[in-house]
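J.: Before I ask anything, let me first share the structure, which is written out below as C-alpha cells.
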Amino acid sequence: MLGRKEGGGRRIIGKNRWGWFYLKRGLLNSSIRLGKEDVMRKSFILVLVALFLTLMTVSAFAQGTLKIGAPQPMTGPDAPFGSKFQKAYGLALEEINAKGGINGKKLEIVIEDHQAKNPLAATVTEKLITQYKVLALTGGRASGQAVEIASVAQRLKTPYVVDHPSADIITSKGFEWIYRNNPTGSIYPQAFNKFISDVPGAMPKSASVVYDNTVFGKTIANSAMVFLKSKNVPIVNDEAYPVNTLDFKPLMTKVKAQNPDFLLMVAVSTTDAILLTRQAKEMGVAPRAFVGFGGGFGVADIATELGPLSENVFSSAAWSGNPNDPATNAFYKKFYDKYKFYPKEHEVEGYAVIYIIADALKRAKLAGKLEGDREAIRQALLKTDMTTVFGKVKFGNYKGPLGDQYTNQNIYSPDHSVLAQWRGGKLLNVWPKANAEIDVVFPDNTVKR
C-alpha cells in the first residue's frame, strides 16, 4: 500500500516480489543546506525511488494481479450493506481465481471505506485510481456516493460499472466511462405500475407518498408520482424527510388525516424503512397497500425488526434475478452454503458485476500500460453481451421512463424490476407472474379499515 507509515519514521513507498522498500522520513524534504556531494546523493536516491516504483508496477503486472476498486460503506450506519457487497464480491472472486483468473492473471478487489459520506466517496475513489492504480471500479452503495464516484471516474478516465446505486443522473450525464447493470430509480416502480394497471381494482383511489430527501428518494418518488398522476390518482401527501429521522409520528399524523388508499414509502436507510412502517401501522394508518421501493425495504432487518408488522408490505425495486431460472437458483444455494443466508438484490448485483468486469477484462487486450488498459476495458464494456445470475446484460443508450437520456445503461433494465411482498419473514416475488414465487395478498388483510 503506497505511503503507509511504519515505526522509526519509515514510510513504505512500494513493494515488489523482493520485499518492501523504505525511505527515512525527511530524506527527500530536508531543509538543511546541501553541498554538491549531498545533491548528488539526493539525486541518486530519487533515481532509486523511481526505479523501485517502476519495478513495483512491472512486477505487479507480471505477477498477474488485476485490480478492481470498490468504494463501499464498511463502517458507519450503512456498514451492513458494505458487508453484503463484500461477501458477494468475495464469492465471485473466489470462483474466478479458482478457474485460473483472467487469462492467467489473478483478480483482486480493493475495497475502500467511504462511511456513507459523499465527499469521502470522492476521496477514496481518487485514491483507488491514483494510488492503488485499479483498472476499473464498481460499488458505491447509495446514489449520493455513486454520483461522486462517477464524477471522479469520468475525470480520471477509469471505467466504473455501477452495481446497485440507482439515481437516473448517474447514467444520464453522457459520461462515457460510466456503465450500469442494475435498473435506475425511475425504473424501480415499473413492476408496481404494471401491477396496479393489470390487476382489476388495484388502481389506487388516492396515494400518500413519503420519501427521504436523497437523490435516491427523490428520483423514485418522482417516478411513482408521475405515473400515478398520469392515471388521475390524487396525491394526497407529498412528504420529504431527512435521512435517519428519529420520529415519524408528526408526519404519519398528516398522512392518517388524509386516509390514503395506498401509502408509498421510499427509504434508503433501513432504520427509516422500519420506523416508517412501525409508526404508520401502530398509529392506525390503514391503506389497502403499504408499498416500499427497495433500499431499506429490501433487507432482512425489515422482517426481523418488525415481525408481524412486516407482513404483506410490498417492495417494488430491482429484482434478485429470476428465481425460476436454474442457474440463478444454483447461485442462491451456493451463496447460502457459504454465508448461511440467502442472497437478495444487493448480493446478486454485487456478484454479477464482478463477472461483468471480468468478462470485459478477458476480452480487452491488456498490455500493462495503465491508461491504455483502462481504455481497452472501456471499449470491451461497450461490446458486452452476456447473461449473469442477475439477468441479461448489454449496455446501450436510450430514454428512461421520465425522458432522461441514458448512456451505457443496461438495455434489459426495464425487465429487471419486480414487485415483491414480505410474507412469513421472507421477501417473495409476486409480480409479474412470470417471476412470481407466491400468490399476491391484496388488499392487505392485516389492516383494519
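Every chain in the C-alpha cells takes a letter, A first, then B, and so on in the order presented; its residues are numbered from 1, and the ligands are numbered from 1 following the presented order.
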Mind checking which residues fall within 10 Å of Ile220 (chain A), counting only C-alpha atoms, ignoring those fewer than 3 positions away in the same chain, and posting them as a ChimeraX atom specification?

T.: /A:166-168,184-189,211,215-217,223-226,265-267,293-294,317

J.: Could you pull out the alpha helix (DSSP H) residues of region 199-273 of chain A from DSSP and send them as a PyMOL selection string?

T.: chain A and resi 215-230+249-258+270-273

J.: For Ala207 (chain A), which of A:Pro343, A:Gly90, A:Pro234, A:Gly174 is the closest residue, counting only C-alpha atoms?

T.: A:Pro234

J.: Residues of region 302-384 of chain A within 7 Å of region 417-435 of chain A: nearest atom pair and distance (Å, one decimal) for each, counting only C-alpha atoms, sorted by chain and number, as CSV?

T.:
```
residue,atom,partner,partner_atom,distance
A:Ala303,CA,A:Gly425,CA,5.0
A:Ser310,CA,A:Trp422,CA,6.2
A:Glu311,CA,A:Trp422,CA,5.4
A:Asn312,CA,A:Trp422,CA,5.2
A:Val313,CA,A:Trp422,CA,5.5
A:Phe314,CA,A:Gln421,CA,4.3
A:Ser315,CA,A:Ala420,CA,5.2
A:Ser316,CA,A:Leu419,CA,4.3
A:Ala317,CA,A:Ser417,CA,5.4
A:Ala318,CA,A:Ser417,CA,4.5
A:Trp319,CA,A:Val418,CA,5.2
A:Asn322,CA,A:Asn435,CA,6.0
A:Pro323,CA,A:Asn435,CA,6.8
A:Asn324,CA,A:Asn435,CA,6.7
```

J.: Near Lys344 (chain A), within 7 Å and counting only C-alpha atoms, which residues show up once chain neighbours fewer than 3 positions away are dropped, as a PyMOL selection string?

T.: chain A and resi 320+347-348

J.: With only C-alpha atoms as the counted atoms, please give the residues lying no more than 8 Å from Ser206 (chain A), apart from itself and same-chain residues fewer than 2 positions off, as a list in words.

T.: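 Listing them by chain and then by number gives Pro204, Ser208, Val233, Pro234, Ile235, Val236, Pro260, Asp261 and Phe262 of chain A.
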
J.: For CA of Pro401 (chain A) and CA of Gly82 (chain A), quote the distance in Å rounded to one decimal.

T.: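 Interatomic distance, CA of Pro401 (chain A) to CA of Gly82 (chain A): 29.2 Å.
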
J.: Restricting the calculation to only C-alpha atoms, which member of A:Pro77, A:Pro443, A:Gly144, A:Gly101 is positioned closest to Asn244 (chain A)?

T.: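 For Asn244 (chain A), the nearest of the candidates is A:Pro77.
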
J.: Choose the residue, out of A:Ala330, A:Val447, A:Lys67, A:Lys105, that has the smallest atom-to-atom separation from Tyr342 (chain A); count only C-alpha atoms.

T.: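 For Tyr342 (chain A), the nearest of the given residues is A:Ala330.
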
J.: Neighbouring residues of Thr253 (chain A) were defined as those with any atom within 10 Å, considering only C-alpha atoms; residues of the same chain fewer than 3 positions away were excluded. Please report them as a list in words.

T.: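 Listing them by chain and then by number gives Phe248, Lys249, Pro250, Lys256, Ala257, Gln258, Gln279, Ala280, Met283, Gly284 and Val285 of chain A.
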
J.: If we count only C-alpha atoms and set the cut-off at 7 Å, which residues sit around Arg141 (chain A), ignoring sequence neighbours fewer than 3 positions away in its own chain? Please answer as a short mmCIF file (atom, residue, chain, number, x, y, z; two decimals) with N, CA and C atoms, in the first residue's frame.

T.:
```cif
data_model
loop_
_atom_site.label_atom_id
_atom_site.label_comp_id
_atom_site.auth_asym_id
_atom_site.auth_seq_id
_atom_site.Cartn_x
_atom_site.Cartn_y
_atom_site.Cartn_z
N GLN A 72 -17.07 1.37 -0.71
CA GLN A 72 -18.26 0.87 -0.04
C GLN A 72 -18.29 1.36 1.41
N HIS A 164 -25.31 -1.20 -7.91
CA HIS A 164 -26.56 -1.02 -7.16
C HIS A 164 -27.11 0.40 -7.15
N PRO A 165 -26.31 1.44 -6.98
CA PRO A 165 -26.86 2.81 -6.93
C PRO A 165 -27.76 3.10 -8.13
#
```

J.: Quick one: residues within 9 Å of region 156-160 of chain A, only C-alpha atoms counted, chain neighbours fewer than 5 positions away excluded, as a ChimeraX atom specification?

T.: /A:126,129-130,134-139,149-151,176-180,371,374-375,377-378,381

J.: Calculate how many Å separate CA of Thr123 (chain A) from CA of Glu345 (chain A), rounding to one decimal.

T.: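 If I compute the distance from CA of Thr123 (chain A) to CA of Glu345 (chain A), I get 27.0 Å.
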